Structure formats: C-alpha cells, structure tokens
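K.L.:
Here's a structure for you.
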Amino acid sequence: MANEGVQNELVSGFSKKSKQEKIEWIANKCFSNPTQAKEVLQTYWNSDEQLQNLHDEFIENAISNFYLPLAVAPNFVINGKSYVLPMVTEESSVVAASANAAKFWATRGGFHAEIVGTEKTGQVHFLFTGSHQSLTSFFNAVKPTLLKETEAITKNMRQRGGGILAIELLDSTKNMANYYQLHVRFETADAMGANFINSCLEQLAQTLQNEAANYPHFSKTEKQIEVVMSILSNYVPGSRVKAWVSCPIAELGDDGDVLAKKFVQAVEIAHHNAYRAVTHNKGIMNGVDTLAIATGNDFRAVEAGIHAYAAKDGNYRGLSKARIKKDVFWFELELPLSVGTVGGLTKLHPMVQWSHQLLQNPNAKELMQIMAVSGLAQNFAALRSLVTTGIQKGHMKMHLLNILNQMGATQPEKEAMIKHFTTNVVSFNAVEQALAAWRKN
Ligand code: MEV
C-alpha cells in the first residue's frame with residue numbers, strides 16, 4: 001500500500017487515553033529525546049491541581065499549558081474614564097506602543113468612543129425546488145411559528161434584552177441553483193452569543209423543514225426543503241464601534257504640522273494600497289487581539305469579521321481615517337466587533353476574570369469601545385513612528401531582551417547592554433559585538 005508508512009503512524013482512540021498516556025505516546029512517537037519532551041510539558045503545568053484540571057478541560061487532548069505574557073498598559077482615558085488595559089501578546093513592542101499612545105492622548109482630551117450598533121447575524125442556508133412565489137407565501141405564513149418554536153431557547157436572552165430581531169427570506173438562486181437563506185438578525189446583550197445564535201438557527205431550520213413537509217399548498221417536491229447548514233456569521237457590520245482622538249496640530253509636538261500631514265498621507269496610502277493596508281490593519285489588530293485574548297474573546301472571529309469589513313467595498317483598505325481641518329488633527333477608527341463579557345471563558349478562566357476586573361467589569365458595549373480604542377492607540381503609535389523615526393528604532397529597543405536571552409546573557413550582562421543601547425542602535429550584530437566586547441573586559 002502506498003501510504004502504509006503513514007498508516008503505521010496513525011493512532012485510534014487517542015482522545016480516550018489518559019493525559020499521561022497521551023504524553024507518553026507523543027513523546028515516544030514524535031521526539032528524538034522523549035524525556036526532555038516530557039520535561040518541557042511538565043515545566044508548564046500548574047502546581048495547583050484543581051487549576052490545572054480546569055485548563056485541561058477547556059479543550060480536547062490537553063497535555064500542558066502554553067504561556068503568553070500578560071502585560072498592562074496604563075493611562076488610557078476613554079470617554080473621560082481612566083483604564084488600565086490588560087494585553088496578552090508575544091510581540092515585544094506592542095505594549096510599550098500602547099502605553100506611549102495612551103499617555104500622549106491622556107493630556108490631549110483622551111480617547112472617545114461610541115457604539116454604532118450591536119446587531120448580529122446568522123443564516124440558515126437551504127435548498128428549495130419550486131416556485132419562488134409559493135416559498136414566499138409559505139415563509140410569511142410560518143414566520144410566527146418559526147419564532148414561537150425558538151421561545152424556549154430565547155427566553156433567558158429576551159429577559160436580558162436580547163433575542164431574535166428579525167427573520168428574512170433571501171433568494172440566492174442567482175448564485176446557486178435553488179439556494180435560499182433565512183437571514184436572521186439577533187441582539188445578544190452582553191454575550192458574544194455564538195452558542196445562542198447557533199441554537200436558534202438549528203431550531204429555525206428544523207421548524208422550517210417540518211412546516212414545509214406539512215404545508216398544504218406545496219407540491220411533493222416543494223415539501224422537501226433541504227437544509228445545507230445553519231450557522232452564525234462572524235461578519236458583523238451591524239455591530240460596530242467608533243473610536244477617535246483629536247487635538248489642535250500645535251499640540252502634537254514641535255513639528256506637529258509636519259507630523260499631522262505625514263500621518264494623514266500614511267492613512268491615505270493605506271486606503272488606496274492593499275499591501276500597505278494589510279500591515280496598517282495588522283497594527284490595529286495588535287491592539288484589538290491582545291485585549292480579545294485577555295478578556296477570553298474569540299480573536300479569530302474578531303479578526304475574520306474585521307478583515308472582511310476592511311474589504312467591504314471590494315478593495316481591501318486601511319480601517320482608520322485621519323484628517324486635518326482648521327488646524328485640528330482628527331484620527332478615527334470604526335470596527336465591526338462582536339464580543340462578550342458573559343458566557344464563554346469569562347467566568348471560568350481566572351486570568352480572564354482578572355482582566356475583566358482590571359477593566360472595571362465592562363459590559364459588552366464598553367468592552368467594544370475599549371477594544372476599538374486599543375486598536376486606534378496601536379495604529380497611532382505605529383504611524384507616528386513610521387512617519388518620523390522609522391519603526392525599527394523602538395521595535396529593536398524592545399526586542400533587545402529577546403536578543404540577549406537568545407545569546408544566553410546573564411542578569412549583569414543584560415543590565416550593561418540595556419545601558420549601552422540607550423544611546424546605540426540595536427541590531428542583532430550590534431548586540432553580539434557589544435556583548436562580546438563587554439565579556440572580554
Ligand atoms: C507591527 O506589529 C505592526 C506595524 O507593522 C504596523 C504598521 O506598519 O502600521 C508596525
């Protein structure tokens with residue numbers, strides 16, 4: 001058999017093995033030094049057994065933990081209230097950039113943010129073979145039943161001010177033969193709402209099929225609605241938040257007018273050029289994702305929705321806007337966001353809970369505003385560096401400790417190098433040479 005070698009590597013019933021058995025299997029099968037491989041996994045276990053167990057139960061086949069640093073960025077003033085932001089990231093310069101931008105704007109009126117909408121969407125994608133007219137009549141007739149049969153699922157959410165806002169029938173037969181959708185709009189209050197939305201959609205799909213099967217005006221074929229899938233959409237243009245900063249250009253610093261002008265040009269370039277826009281938006285996501293992870297939100301959903309929004313007119317564009325009007329600099333970011341402050345990991349993961357407490361237990365709308373501000377702050381810090389000193393100066397300075405750790409530097413060596421590089425430009429070579437020279441002396 002051609003793939004006999006591969007077959008020998010396959011394992012069945014892996015998820016049924018105990019954690020220790022999984023570790024043994026992995027270490028022996030995949031590592032040249034199984035003892036060392038097991039030691040690494042063990043080093044990252046939490047000594048608190050209960051806590052470790054909690055983490056093990058988050059996902060299937062958990063065999064250890066994977067740490068990312070949690071940092072804080074103080075001095076964020078948002079709508080007149082001050083915040084310290086929790087940030088989870090592996091990238092050395094991100095937190096410093098946030099902290100700098102926060103401090104800069106704290107004395108210039110702070111950040112402002114407002115919610116543009118909080119509506120989410122889900123779809124039942126189905127195939128219907130028959131007359132469009134009779135499907136429309138059927139849909140109008142069964143709409144109350146569709147809603148009624150979700151009532152047990154929506155009860156709690158309705159008590160919290162959410163629920164199903166509207167159900168529409170969309171004809172997509174131009175795109176694919178017999179393809180229709182139930183396009184459903186939701187309000188999910190402080191929850192991100194993925195489970196709620198998906199449960200509602202699956203119920204709607206079931207009711208749709210049952211009702212069709214019994215609808216007296218349908219032909220035999222029409223009675224057989226074929227549901228392809230029912231799933232929420234992570235594209236959430238109806239759930240948007242806007243954040244902005246503004247100050248007289250004279251307050252931007254010594255060369256405020258030059259900075260403002262180049263800043264606006266940089267934003268314009270990201271509007272027109274997709275290569276630049278992707279990196280521009282990646283910088284924004286540095287601020288958004290760090291907070292999404294710290295607050296236990298699904299950063300992949302957030303990323304997917306935001307990038308789709310960046311391409312909403314058919315071209316991928318930068319998400320922020322900047323302008324100078326009557327000598328006042330204005331910088332703004334509008335993002336689609338669907339995040340939760342209840343449900344998911346929020347009450348389970350101790351560090352997530354801690355992050356929510358640090359943020360003064362915001363509701364979902366407040367968290368959306370904080371996340372948009374965090375994205376704007378990152379974008380501001382990146383563009384300010386890019387159009388003035390260049391990005392590498394600050395970036396490499398923050399990367400210095402990583403380089404020194406890679407070179408096995410001791411604590412006194414690190415201190416000496418940090419001092420040396422306050423006045424010298426950091427590069428891998430420069431650090432290598434300076435460290436060698438210091439070690440010689
Ligand atoms: C690096 O993580 C992010 C930047 O590249 C963003 C940008 O170029 O705007 C600095």
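Please note that chains go A, B, ... in the order of the structure tokens, that every chain numbers its residues from 1, and that ligands are numbered from 1 in the order shown.
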Could you build a table of the residues in chain A lying no more than 8 Å from ligand 1, giving for each the nearest pair of atoms and their separation in Å rounded to one decimal place, using only C-alpha atoms and all ligand atoms, ordered by chain and ascending residue number, as a tab-separated table?

P.N.:
```
residue	atom	partner	partner_atom_place_in_ligand_line	distance
A:Glu91	CA	ligand 1	2 (O)	7.1
A:Ser93	CA	ligand 1	2 (O)	7.7
A:Val94	CA	ligand 1	2 (O)	7.0
A:Arg276	CA	ligand 1	8 (O)	7.6
A:Thr279	CA	ligand 1	8 (O)	5.0
A:His280	CA	ligand 1	9 (O)	3.8
A:Asn281	CA	ligand 1	9 (O)	6.9
A:Lys282	CA	ligand 1	6 (C)	5.9
A:Gly283	CA	ligand 1	6 (C)	3.7
A:Ile284	CA	ligand 1	6 (C)	7.2
A:Asn286	CA	ligand 1	2 (O)	6.4
A:Gln378	CA	ligand 1	6 (C)	7.9
A:Asn379	CA	ligand 1	9 (O)	6.0
A:Ala382	CA	ligand 1	10 (C)	4.8
A:Leu383	CA	ligand 1	9 (O)	5.6
A:Leu386	CA	ligand 1	8 (O)	7.1
A:Ile391	CA	ligand 1	10 (C)	6.3
```

K.L.:
May I have the residues within 8 Å of Val302 (chain A) as a list in words, using only C-alpha atoms and disregarding those fewer than 6 positions away in the same chain?

P.N.:
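In the requested form, the answer reads Asn234, Asp289, Leu337, Ser338 and Val339 of chain A.
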
K.L.:
Keeping only N, CA, C and O atoms, write the selected residues to a file as a short mmCIF file (atom, residue, chain, number, x, y, z; two decimals), in the first residue's frame.

P.N.:
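The result, written out as part08.cif:
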```cif
data_model
loop_
_atom_site.label_atom_id
_atom_site.label_comp_id
_atom_site.auth_asym_id
_atom_site.auth_seq_id
_atom_site.Cartn_x
_atom_site.Cartn_y
_atom_site.Cartn_z
N ASN A 234 -19.66 35.54 11.33
CA ASN A 234 -18.70 36.37 12.06
C ASN A 234 -18.49 37.71 11.38
O ASN A 234 -17.69 38.53 11.82
N ASP A 289 -6.50 42.33 19.30
CA ASP A 289 -6.33 40.92 19.69
C ASP A 289 -5.80 40.75 21.10
O ASP A 289 -6.22 39.84 21.82
N LEU A 337 -17.42 44.64 15.61
CA LEU A 337 -16.93 43.80 16.72
C LEU A 337 -18.09 43.06 17.35
O LEU A 337 -19.15 43.65 17.61
N SER A 338 -17.86 41.79 17.61
CA SER A 338 -18.84 41.03 18.38
C SER A 338 -18.08 40.38 19.53
O SER A 338 -17.31 39.44 19.32
N VAL A 339 -18.23 40.93 20.72
CA VAL A 339 -17.50 40.39 21.87
C VAL A 339 -18.46 40.23 23.05
O VAL A 339 -19.54 40.83 23.07
#
```

K.L.:
For a quick check of understanding, using only C-alpha atoms, which of A:Leu85, A:Ile324, A:Met229, A:Val236 has the smallest distance to Leu259 (chain A)?

P.N.:
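The closest residue to Leu259 (chain A) is A:Ile324.
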
K.L.:
Counting only C-alpha atoms, which of A:Lys120, A:His132, A:Lys220, A:Lys29 gets nearest to His183 (chain A)?

P.N.:
A:Lys120

K.L.:
Closest to Glu187 (chain A) among A:His271, A:Lys103, A:Arg158, A:Lys312, using only C-alpha atoms?

P.N.:
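Going through A:His271, A:Lys103, A:Arg158, A:Lys312 one by one, the smallest distance to Glu187 (chain A) is for A:Arg158.
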
K.L.:
Contacts of Leu358 (chain A) at 10 Å or less, counting only C-alpha atoms, minus same-chain residues fewer than 6 places along, as a ChimeraX atom specification?

P.N.:
/A:72,83-86,352

K.L.:
Once you have the residues from the selection above, write them out as a PDB file, in the first residue's frame, restricted to N, CA and C atoms.

P.N.:
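part-v6.pdb was written with the following content:
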```
ATOM      1  N   VAL A  72       0.252  44.998  31.164  1.00  0.00           N
ATOM      2  CA  VAL A  72      -0.771  46.029  31.333  1.00  0.00           C
ATOM      3  C   VAL A  72      -0.291  47.330  30.711  1.00  0.00           C
ATOM      4  N   TYR A  83      -8.536  53.924  32.440  1.00  0.00           N
ATOM      5  CA  TYR A  83      -8.448  52.460  32.387  1.00  0.00           C
ATOM      6  C   TYR A  83      -6.988  52.018  32.338  1.00  0.00           C
ATOM      7  N   VAL A  84      -6.760  50.826  32.882  1.00  0.00           N
ATOM      8  CA  VAL A  84      -5.501  50.109  32.645  1.00  0.00           C
ATOM      9  C   VAL A  84      -5.891  48.908  31.789  1.00  0.00           C
ATOM     10  N   LEU A  85      -5.237  48.766  30.641  1.00  0.00           N
ATOM     11  CA  LEU A  85      -5.642  47.690  29.717  1.00  0.00           C
ATOM     12  C   LEU A  85      -4.817  46.420  29.937  1.00  0.00           C
ATOM     13  N   PRO A  86      -5.471  45.254  30.034  1.00  0.00           N
ATOM     14  CA  PRO A  86      -4.719  44.001  30.058  1.00  0.00           C
ATOM     15  C   PRO A  86      -4.384  43.614  28.620  1.00  0.00           C
ATOM     16  N   VAL A 352      -8.802  35.546  32.830  1.00  0.00           N
ATOM     17  CA  VAL A 352      -9.814  36.289  32.069  1.00  0.00           C
ATOM     18  C   VAL A 352     -10.678  37.099  33.042  1.00  0.00           C
TER      19      VAL A 352
END
```

K.L.:
Per DSSP on the backbone, filter region 305-393 of chain A down to the residues in strand (DSSP E or B) and report them as number ranges by chain.

P.N.:
A: 320-325, 328-336, 342

K.L.:
Write out as a PDB file with N, CA, C and O atoms, in the first residue's frame the residues lying within 10 Å of Val184 (chain A), counting only C-alpha atoms and excluding same-chain residues fewer than 5 positions away.

P.N.:
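The resulting file, selection_34.pdb, is shown below:
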```
ATOM      1  N   LYS A 120     -26.275  41.277  15.419  1.00  0.00           N
ATOM      2  CA  LYS A 120     -25.517  40.171  14.827  1.00  0.00           C
ATOM      3  C   LYS A 120     -26.394  39.373  13.871  1.00  0.00           C
ATOM      4  O   LYS A 120     -27.614  39.491  13.912  1.00  0.00           O
ATOM      5  N   THR A 121     -25.758  38.533  13.088  1.00  0.00           N
ATOM      6  CA  THR A 121     -26.490  37.840  12.026  1.00  0.00           C
ATOM      7  C   THR A 121     -26.183  36.355  12.004  1.00  0.00           C
ATOM      8  O   THR A 121     -25.067  35.948  12.315  1.00  0.00           O
ATOM      9  N   GLY A 122     -27.177  35.578  11.635  1.00  0.00           N
ATOM     10  CA  GLY A 122     -26.945  34.154  11.397  1.00  0.00           C
ATOM     11  C   GLY A 122     -27.797  33.731  10.216  1.00  0.00           C
ATOM     12  O   GLY A 122     -28.747  34.427   9.829  1.00  0.00           O
ATOM     13  N   GLN A 123     -27.456  32.601   9.627  1.00  0.00           N
ATOM     14  CA  GLN A 123     -28.178  32.188   8.416  1.00  0.00           C
ATOM     15  C   GLN A 123     -28.496  30.702   8.431  1.00  0.00           C
ATOM     16  O   GLN A 123     -27.693  29.889   8.878  1.00  0.00           O
ATOM     17  N   VAL A 124     -29.688  30.398   7.928  1.00  0.00           N
ATOM     18  CA  VAL A 124     -29.999  29.007   7.593  1.00  0.00           C
ATOM     19  C   VAL A 124     -29.914  28.947   6.068  1.00  0.00           C
ATOM     20  O   VAL A 124     -30.655  29.637   5.369  1.00  0.00           O
ATOM     21  N   ILE A 164     -34.235  37.371  19.051  1.00  0.00           N
ATOM     22  CA  ILE A 164     -34.270  37.450  17.580  1.00  0.00           C
ATOM     23  C   ILE A 164     -34.933  38.765  17.191  1.00  0.00           C
ATOM     24  O   ILE A 164     -36.040  39.068  17.646  1.00  0.00           O
ATOM     25  N   LEU A 165     -34.266  39.539  16.348  1.00  0.00           N
ATOM     26  CA  LEU A 165     -34.826  40.836  15.955  1.00  0.00           C
ATOM     27  C   LEU A 165     -35.680  40.716  14.703  1.00  0.00           C
ATOM     28  O   LEU A 165     -36.719  41.366  14.581  1.00  0.00           O
ATOM     29  N   ALA A 166     -35.226  39.895  13.779  1.00  0.00           N
ATOM     30  CA  ALA A 166     -35.970  39.769  12.510  1.00  0.00           C
ATOM     31  C   ALA A 166     -35.512  38.538  11.744  1.00  0.00           C
ATOM     32  O   ALA A 166     -34.363  38.112  11.874  1.00  0.00           O
ATOM     33  N   ILE A 167     -36.446  37.973  10.973  1.00  0.00           N
ATOM     34  CA  ILE A 167     -36.086  36.863  10.075  1.00  0.00           C
ATOM     35  C   ILE A 167     -36.516  37.251   8.670  1.00  0.00           C
ATOM     36  O   ILE A 167     -37.665  37.641   8.454  1.00  0.00           O
ATOM     37  N   GLU A 168     -35.581  37.160   7.748  1.00  0.00           N
ATOM     38  CA  GLU A 168     -35.912  37.475   6.349  1.00  0.00           C
ATOM     39  C   GLU A 168     -35.658  36.245   5.483  1.00  0.00           C
ATOM     40  O   GLU A 168     -34.771  35.449   5.778  1.00  0.00           O
ATOM     41  N   LEU A 169     -36.408  36.160   4.415  1.00  0.00           N
ATOM     42  CA  LEU A 169     -36.151  35.116   3.417  1.00  0.00           C
ATOM     43  C   LEU A 169     -35.377  35.757   2.276  1.00  0.00           C
ATOM     44  O   LEU A 169     -35.813  36.756   1.717  1.00  0.00           O
ATOM     45  N   ILE A 197     -26.974  31.972  19.142  1.00  0.00           N
ATOM     46  CA  ILE A 197     -27.386  32.165  17.743  1.00  0.00           C
ATOM     47  C   ILE A 197     -27.472  30.815  17.022  1.00  0.00           C
ATOM     48  O   ILE A 197     -28.457  30.513  16.335  1.00  0.00           O
ATOM     49  N   CYS A 200     -30.517  28.831  18.075  1.00  0.00           N
ATOM     50  CA  CYS A 200     -31.734  29.385  17.450  1.00  0.00           C
ATOM     51  C   CYS A 200     -31.820  28.960  15.990  1.00  0.00           C
ATOM     52  O   CYS A 200     -32.876  28.532  15.505  1.00  0.00           O
ATOM     53  N   LEU A 201     -30.694  29.061  15.280  1.00  0.00           N
ATOM     54  CA  LEU A 201     -30.704  28.765  13.843  1.00  0.00           C
ATOM     55  C   LEU A 201     -31.048  27.303  13.585  1.00  0.00           C
ATOM     56  O   LEU A 201     -31.808  26.985  12.666  1.00  0.00           O
ATOM     57  N   LEU A 204     -34.662  26.926  14.035  1.00  0.00           N
ATOM     58  CA  LEU A 204     -35.385  27.522  12.898  1.00  0.00           C
ATOM     59  C   LEU A 204     -35.344  26.591  11.689  1.00  0.00           C
ATOM     60  O   LEU A 204     -36.362  26.409  11.000  1.00  0.00           O
ATOM     61  N   LEU A 232     -24.040  30.994  12.596  1.00  0.00           N
ATOM     62  CA  LEU A 232     -23.912  32.450  12.736  1.00  0.00           C
ATOM     63  C   LEU A 232     -22.912  32.977  11.724  1.00  0.00           C
ATOM     64  O   LEU A 232     -22.102  32.215  11.184  1.00  0.00           O
ATOM     65  N   SER A 233     -22.929  34.285  11.494  1.00  0.00           N
ATOM     66  CA  SER A 233     -21.905  34.894  10.662  1.00  0.00           C
ATOM     67  C   SER A 233     -20.975  35.690  11.558  1.00  0.00           C
ATOM     68  O   SER A 233     -21.432  36.445  12.431  1.00  0.00           O
TER      69      SER A 233
END
```

K.L.:
Please provide the set of residues having any atom within 10 Å of region 359-362 of chain A, restricted to only C-alpha atoms, with same-chain residues fewer than 3 positions apart removed, written as a VMD selection string.

P.N.:
chain A and resid 82 to 86 190 295 340 to 341 353 to 356 365 to 370

K.L.:
For CA of Lys325 (chain A) and CA of Ala381 (chain A), quote the distance in Å rounded to one decimal.

P.N.:
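Rounded to one decimal, the two atoms are 21.2 Å apart.
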
K.L.:
Give me the residues within 12 Å of Asn53 (chain A) as a count of residues only, counting only C-alpha atoms and dropping any in the same chain fewer than 2 places off.

P.N.:
19

K.L.:
Using only C-alpha atoms, which residue out of A:Phe421, A:Met371, A:Ile225, A:Thr150 lies closest to Gly287 (chain A)?

P.N.:
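Ranked by minimum distance to Gly287 (chain A), first place goes to A:Met371.
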
K.L.:
Considering only C-alpha atoms, can you say which of A:Val288, A:Phe329, A:Gln203, A:Thr188 comes closest to Pro248 (chain A)?

P.N.:
A:Phe329

K.L.:
Considering only C-alpha atoms, can you say which of A:Asn61, A:Glu268, A:Ser385, A:Met417 comes closest to Ile403 (chain A)?

P.N.:
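Closest candidate: A:Met417.
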
K.L.:
Among region 195-434 of chain A, which residues carry a DSSP assignment of helix (DSSP H, G or I), reported as a PyMOL selection string?

P.N.:
chain A and resi 195-213+249-252+256-272+274-294+299-310+350-358+364-386+392-406+411-420+428-434

K.L.:
For Asn79 (chain A), find every residue with an atom within 8 Å (counting only C-alpha atoms), except residues of its own chain fewer than 4 positions away, and show them as number ranges by chain.

P.N.:
A: 110-113
